[in-house]
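*Asks:* Okay, so here is entry06.cif, and as you'll see once you scroll down, it has mmCIF, C-alpha atoms, pLDDT in the B column; chains and numbers go by the auth columns.
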data_upload
#
loop_
_atom_site.group_PDB
_atom_site.id
_atom_site.type_symbol
_atom_site.label_atom_id
_atom_site.label_comp_id
_atom_site.label_asym_id
_atom_site.label_seq_id
_atom_site.Cartn_x
_atom_site.Cartn_y
_atom_site.Cartn_z
_atom_site.B_iso_or_equiv
_atom_site.auth_seq_id
_atom_site.auth_asym_id
ATOM 1 C CA MET A 1 53.937 4.271 13.237 75.00 1 A
ATOM 2 C CA LYS A 2 52.982 6.238 16.352 85.00 2 A
ATOM 3 C CA ARG A 3 52.349 9.870 17.194 90.00 3 A
ATOM 4 C CA ALA A 4 51.825 11.447 20.604 94.00 4 A
ATOM 5 C CA VAL A 5 50.690 14.721 22.125 96.00 5 A
ATOM 6 C CA GLU A 6 51.207 15.437 25.831 97.00 6 A
ATOM 7 C CA HIS A 7 51.020 18.178 28.441 98.00 7 A
ATOM 8 C CA ARG A 8 52.473 17.986 31.964 98.00 8 A
ATOM 9 C CA ILE A 9 52.057 20.506 34.756 98.00 9 A
ATOM 10 C CA GLY A 10 53.076 20.790 38.400 98.00 10 A
ATOM 11 C CA VAL A 11 50.327 21.129 40.975 98.00 11 A
ATOM 12 C CA GLN A 12 50.811 22.521 44.476 98.00 12 A
ATOM 13 C CA ALA A 13 48.310 20.181 46.094 98.00 13 A
ATOM 14 C CA PRO A 14 48.427 16.546 47.228 98.00 14 A
ATOM 15 C CA ALA A 15 48.048 13.917 44.517 98.00 15 A
ATOM 16 C CA GLU A 16 44.885 12.669 46.278 98.00 16 A
ATOM 17 C CA ILE A 17 43.180 16.015 45.664 98.00 17 A
ATOM 18 C CA VAL A 18 44.289 16.071 42.031 98.00 18 A
ATOM 19 C CA TRP A 19 42.822 12.583 41.613 98.00 19 A
ATOM 20 C CA GLU A 20 39.625 13.674 43.346 97.00 20 A
ATOM 21 C CA VAL A 21 39.220 16.417 40.728 98.00 21 A
ATOM 22 C CA VAL A 22 40.039 14.093 37.813 97.00 22 A
ATOM 23 C CA SER A 23 37.865 11.172 38.894 96.00 23 A
ATOM 24 C CA ASP A 24 34.686 13.168 39.669 96.00 24 A
ATOM 25 C CA PHE A 25 33.075 13.059 36.204 96.00 25 A
ATOM 26 C CA ASP A 26 29.864 14.614 37.527 96.00 26 A
ATOM 27 C CA ARG A 27 31.728 17.886 38.164 97.00 27 A
ATOM 28 C CA TRP A 28 33.842 18.089 35.008 97.00 28 A
ATOM 29 C CA HIS A 29 31.375 20.560 33.520 97.00 29 A
ATOM 30 C CA GLU A 30 32.284 22.989 36.339 97.00 30 A
ATOM 31 C CA TRP A 31 35.960 23.303 35.442 97.00 31 A
ATOM 32 C CA ASN A 32 36.996 21.284 32.381 98.00 32 A
ATOM 33 C CA PRO A 33 37.401 23.338 29.173 98.00 33 A
ATOM 34 C CA LEU A 34 38.100 20.246 27.040 98.00 34 A
ATOM 35 C CA TYR A 35 35.403 17.835 28.215 98.00 35 A
ATOM 36 C CA VAL A 36 32.469 20.097 28.968 97.00 36 A
ATOM 37 C CA LYS A 37 30.351 17.143 30.084 97.00 37 A
ATOM 38 C CA ALA A 38 31.334 13.668 31.231 97.00 38 A
ATOM 39 C CA ALA A 39 29.462 10.581 32.333 97.00 39 A
ATOM 40 C CA GLY A 40 30.461 7.013 33.022 96.00 40 A
ATOM 41 C CA GLN A 41 32.194 4.757 35.483 94.00 41 A
ATOM 42 C CA LEU A 42 35.835 4.104 36.216 93.00 42 A
ATOM 43 C CA LYS A 43 35.581 0.455 35.251 95.00 43 A
ATOM 44 C CA ILE A 44 37.720 -1.342 32.683 97.00 44 A
ATOM 45 C CA GLY A 45 35.757 -2.161 29.534 97.00 45 A
ATOM 46 C CA THR A 46 32.970 0.371 30.069 97.00 46 A
ATOM 47 C CA ALA A 47 32.161 3.280 27.787 97.00 47 A
ATOM 48 C CA LEU A 48 32.386 6.881 28.891 98.00 48 A
ATOM 49 C CA THR A 49 30.263 9.572 27.282 98.00 49 A
ATOM 50 C CA LEU A 50 32.193 12.802 26.859 98.00 50 A
ATOM 51 C CA GLU A 51 31.353 16.092 25.195 98.00 51 A
ATOM 52 C CA GLU A 52 34.659 17.236 23.725 97.00 52 A
ATOM 53 C CA ALA A 53 35.301 20.924 22.918 97.00 53 A
ATOM 54 C CA ILE A 54 38.545 21.499 20.990 96.00 54 A
ATOM 55 C CA GLY A 55 39.261 25.064 19.952 91.00 55 A
ATOM 56 C CA ASP A 56 36.539 26.620 17.843 92.00 56 A
ATOM 57 C CA ARG A 57 35.253 23.282 16.537 94.00 57 A
ATOM 58 C CA PRO A 58 31.686 22.243 17.334 96.00 58 A
ATOM 59 C CA VAL A 59 31.337 20.197 20.532 97.00 59 A
ATOM 60 C CA LYS A 60 31.542 16.500 19.667 96.00 60 A
ATOM 61 C CA VAL A 61 30.169 13.568 21.684 97.00 61 A
ATOM 62 C CA ILE A 62 32.666 10.718 21.977 96.00 62 A
ATOM 63 C CA GLN A 63 32.271 7.347 23.679 97.00 63 A
ATOM 64 C CA PRO A 64 35.696 5.933 24.439 98.00 64 A
ATOM 65 C CA ILE A 65 36.221 2.663 26.318 98.00 65 A
ATOM 66 C CA VAL A 66 38.044 2.650 29.658 98.00 66 A
ATOM 67 C CA GLN A 67 41.149 0.599 28.986 97.00 67 A
ATOM 68 C CA ASP A 68 42.925 0.917 32.319 97.00 68 A
ATOM 69 C CA TRP A 69 42.736 2.819 35.551 95.00 69 A
ATOM 70 C CA VAL A 70 44.644 2.784 38.803 96.00 70 A
ATOM 71 C CA PRO A 71 43.056 4.759 41.642 95.00 71 A
ATOM 72 C CA TYR A 72 44.986 7.930 42.495 96.00 72 A
ATOM 73 C CA GLU A 73 47.370 7.370 39.576 97.00 73 A
ATOM 74 C CA GLN A 74 45.965 6.953 36.073 97.00 74 A
ATOM 75 C CA LEU A 75 43.022 6.688 33.729 98.00 75 A
ATOM 76 C CA HIS A 76 43.431 5.493 30.135 98.00 76 A
ATOM 77 C CA TRP A 77 40.732 5.200 27.525 98.00 77 A
ATOM 78 C CA ARG A 78 40.702 4.006 23.924 97.00 78 A
ATOM 79 C CA SER A 79 38.872 5.343 20.902 96.00 79 A
ATOM 80 C CA GLN A 80 38.993 4.852 17.158 93.00 80 A
ATOM 81 C CA ARG A 81 39.577 7.499 14.505 88.00 81 A
ATOM 82 C CA LEU A 82 39.612 7.595 10.727 85.00 82 A
ATOM 83 C CA GLY A 83 37.223 4.689 10.309 87.00 83 A
ATOM 84 C CA GLY A 84 39.062 2.518 12.819 87.00 84 A
ATOM 85 C CA PHE A 85 42.417 2.799 11.054 91.00 85 A
ATOM 86 C CA VAL A 86 43.822 4.819 13.956 93.00 86 A
ATOM 87 C CA THR A 87 43.561 3.822 17.601 96.00 87 A
ATOM 88 C CA ALA A 88 43.903 6.637 20.101 96.00 88 A
ATOM 89 C CA ILE A 89 44.909 5.964 23.701 97.00 89 A
ATOM 90 C CA ARG A 90 44.021 8.960 25.873 98.00 90 A
ATOM 91 C CA TYR A 91 45.747 9.120 29.220 98.00 91 A
ATOM 92 C CA ILE A 92 45.342 11.135 32.377 98.00 92 A
ATOM 93 C CA GLU A 93 47.991 10.535 35.033 98.00 93 A
ATOM 94 C CA VAL A 94 48.734 11.906 38.479 98.00 94 A
ATOM 95 C CA GLU A 95 52.188 11.517 40.004 98.00 95 A
ATOM 96 C CA ASN A 96 52.753 12.067 43.714 97.00 96 A
ATOM 97 C CA MET A 97 55.710 14.427 44.154 97.00 97 A
ATOM 98 C CA GLY A 98 55.492 14.793 47.955 95.00 98 A
ATOM 99 C CA ASP A 99 52.967 15.632 50.650 95.00 99 A
ATOM 100 C CA THR A 100 51.673 18.754 48.928 96.00 100 A
ATOM 101 C CA ASN A 101 52.841 18.462 45.320 98.00 101 A
ATOM 102 C CA ALA A 102 51.891 16.423 42.283 98.00 102 A
ATOM 103 C CA THR A 103 52.392 16.336 38.541 98.00 103 A
ATOM 104 C CA PHE A 104 49.372 16.104 36.270 98.00 104 A
ATOM 105 C CA SER A 105 49.911 14.662 32.784 98.00 105 A
ATOM 106 C CA ASN A 106 47.379 14.281 30.035 98.00 106 A
ATOM 107 C CA GLY A 107 47.929 13.251 26.468 98.00 107 A
ATOM 108 C CA GLU A 108 47.063 10.973 23.617 97.00 108 A
ATOM 109 C CA LEU A 109 49.007 8.317 21.726 97.00 109 A
ATOM 110 C CA PHE A 110 47.955 7.484 18.161 95.00 110 A
ATOM 111 C CA MET A 111 48.706 4.145 16.466 93.00 111 A
ATOM 112 C CA GLY A 112 47.599 2.525 13.247 92.00 112 A
ATOM 113 C CA LEU A 113 47.758 2.423 9.471 89.00 113 A
ATOM 114 C CA LEU A 114 46.603 6.012 8.897 89.00 114 A
ATOM 115 C CA VAL A 115 48.406 7.681 11.799 88.00 115 A
ATOM 116 C CA LYS A 116 50.242 9.959 9.359 87.00 116 A
ATOM 117 C CA TRP A 117 46.862 11.660 8.781 84.00 117 A
ATOM 118 C CA ILE A 118 46.943 12.956 12.368 89.00 118 A
ATOM 119 C CA GLY A 119 48.706 16.061 11.100 88.00 119 A
ATOM 120 C CA LYS A 120 50.529 18.994 12.613 92.00 120 A
ATOM 121 C CA ASP A 121 47.399 21.187 12.860 92.00 121 A
ATOM 122 C CA GLU A 122 45.468 18.452 14.686 91.00 122 A
ATOM 123 C CA ARG A 123 48.346 17.886 17.101 94.00 123 A
ATOM 124 C CA LYS A 124 48.651 21.633 17.722 96.00 124 A
ATOM 125 C CA ALA A 125 44.915 21.899 18.519 96.00 125 A
ATOM 126 C CA LEU A 126 45.128 18.886 20.850 96.00 126 A
ATOM 127 C CA ARG A 127 48.201 20.280 22.621 97.00 127 A
ATOM 128 C CA ALA A 128 46.349 23.545 23.285 98.00 128 A
ATOM 129 C CA ALA A 129 43.300 21.623 24.565 98.00 129 A
ATOM 130 C CA PHE A 130 45.440 19.389 26.812 98.00 130 A
ATOM 131 C CA THR A 131 47.267 22.449 28.145 98.00 131 A
ATOM 132 C CA ALA A 132 43.963 24.146 28.971 98.00 132 A
ATOM 133 C CA MET A 133 42.736 21.010 30.740 98.00 133 A
ATOM 134 C CA GLY A 134 45.998 20.653 32.683 98.00 134 A
ATOM 135 C CA GLU A 135 45.868 24.268 33.833 98.00 135 A
ATOM 136 C CA ALA A 136 42.215 23.851 34.842 98.00 136 A
ATOM 137 C CA VAL A 137 43.008 20.695 36.861 98.00 137 A
ATOM 138 C CA ARG A 138 45.878 22.530 38.561 98.00 138 A
ATOM 139 C CA ASP A 139 43.747 25.564 39.364 98.00 139 A
ATOM 140 C CA ARG A 140 40.861 23.512 40.742 98.00 140 A
ATOM 141 C CA ALA A 141 43.067 21.193 42.827 98.00 141 A
ATOM 142 C CA GLU A 142 45.091 24.090 44.254 98.00 142 A
ATOM 143 C CA ALA A 143 41.890 26.003 45.114 98.00 143 A
ATOM 144 C CA LEU A 144 40.457 22.936 46.886 98.00 144 A
ATOM 145 C CA TRP A 145 43.736 22.447 48.767 98.00 145 A
ATOM 146 C CA ARG A 146 43.845 26.108 49.877 97.00 146 A
ATOM 147 C CA GLU A 147 40.198 25.936 50.964 96.00 147 A
ATOM 148 C CA ARG A 148 40.726 22.758 52.968 93.00 148 A
ATOM 149 C CA SER A 149 44.031 23.928 54.461 92.00 149 A
ATOM 150 C CA ALA A 150 42.388 27.138 55.675 87.00 150 A
ATOM 151 C CA ALA A 151 39.423 25.333 57.241 70.00 151 A
ATOM 152 C CA PRO A 152 39.546 25.180 61.040 71.00 152 A
ATOM 153 C CA SER A 153 40.647 21.838 62.378 61.00 153 A
ATOM 154 C CA GLU A 154 38.025 19.652 63.996 57.00 154 A
ATOM 155 C CA ALA A 155 40.617 18.193 66.347 52.00 155 A
ATOM 156 C CA GLY A 156 40.786 20.066 69.582 46.00 156 A
#
Write out the structure in this file as structure tokens.
*Replies:*
Amino acid sequence: MKRAVEHRIGVQAPAEIVWEVVSDFDRWHEWNPLYVKAAGQLKIGTALTLEEAIGDRPVKVIQPIVQDWVPYEQLHWRSQRLGGFVTAIRYIEVENMGDTNATFSNGELFMGLLVKWIGKDERKALRAAFTAMGEAVRDRAEALWRERSAAPSEAG
């Protein structure tokens, strides 16, 4: 049995800028409402350390393992829930939609014996958190793009 929660949003900025925002863990605390602190390396098999803030719950430290990443496209990490009886695959993906547009997707796929215990309320809270993160990525990437587009050109 599987369950999934996802949010997708259009971004009016190049995919490279969206990826720049997503891959800069050191700055997540500046804009990310879901992961208020992040540390680690984009390297398959390594652990990330994330401070996760979902709704009005206390901030929780999680240490998922990077499962896959493709520069400028995707980051996937894996964690365990419910005593290891549920595996969660968290994904962050950037799709290039043209020179100045991208789609940002973030979600989580749950698999395992106790997946039915990832109930409607949990999925609703996650959807809200993923939506907030998606909107924050969009806002930050679009602000960076506007700032850089307005900067005077060095070419003369």
*Asks:* One decimal, Å: what's the distance from CA of Met1 in chain A over to CA of Met133 in chain A, could you say?
*Replies:*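 These two atoms are separated by 26.7 Å.
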*Asks:* For a quick check of understanding, using only C-alpha atoms, which of A:Tyr35, A:Phe110, A:Trp117, A:Tyr72 has the smallest distance to Arg3 in chain A?
*Replies:*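 The answer is A:Phe110, which sits nearest to Arg3 in chain A.
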*Asks:* Would you pick out the contacts of Leu82 in chain A at 10 Å or less, using only C-alpha atoms, so that residues sharing its chain but fewer than 2 positions from it are not included, and give the list as JSON, numbers by chain?
*Replies:* {"A": [80, 84, 85, 86, 87, 112, 113, 114, 115, 117, 118]}
*Asks:* I need the residue nearest Thr46 in chain A from this list: A:Lys60, A:His76, A:Arg27, A:Arg81. Use all atoms listed in the file for the distance.
*Replies:*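 Of all the options, A:His76 lies closest to Thr46 in chain A.
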*Asks:* Just want the 7 Å neighbourhood of Phe130 in chain A, counted on all atoms listed in the file, with same-chain residues fewer than 6 positions away dropped. Output as a ChimeraX atom specification.
*Replies:* /A:7,106-107
*Asks:* Select, from A:Ala143, A:Ala53, A:Val21, A:Val66, the residue with the minimum atom-to-atom distance to Leu126 in chain A, counting only C-alpha atoms.
*Replies:* A:Ala53
*Asks:* Considering all atoms listed in the file, give me a table of residues in range 29-119 of chain A that are at most 8 Å from range 136-140 of chain A, with the closest atom pair and distance in Å for each, as a tab-separated table.
*Replies:*
residue	atom	partner	partner_atom	distance
A:Trp31	CA	A:Ala136	CA	6.3
A:Asn32	CA	A:Ala136	CA	6.3
A:Pro33	CA	A:Ala136	CA	7.5
A:Phe104	CA	A:Arg138	CA	7.7
*Asks:* Just the residues within 9 Å of Gln12 in chain A, please, counting only C-alpha atoms, with nothing from its chain fewer than 3 positions along; format it as a list of chain:residue names.
*Replies:*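 Here the qualifying residues turn out to be A:Thr100, A:Asn101, A:Ala102, A:Thr103, A:Arg138, A:Ala141, A:Glu142, A:Trp145.
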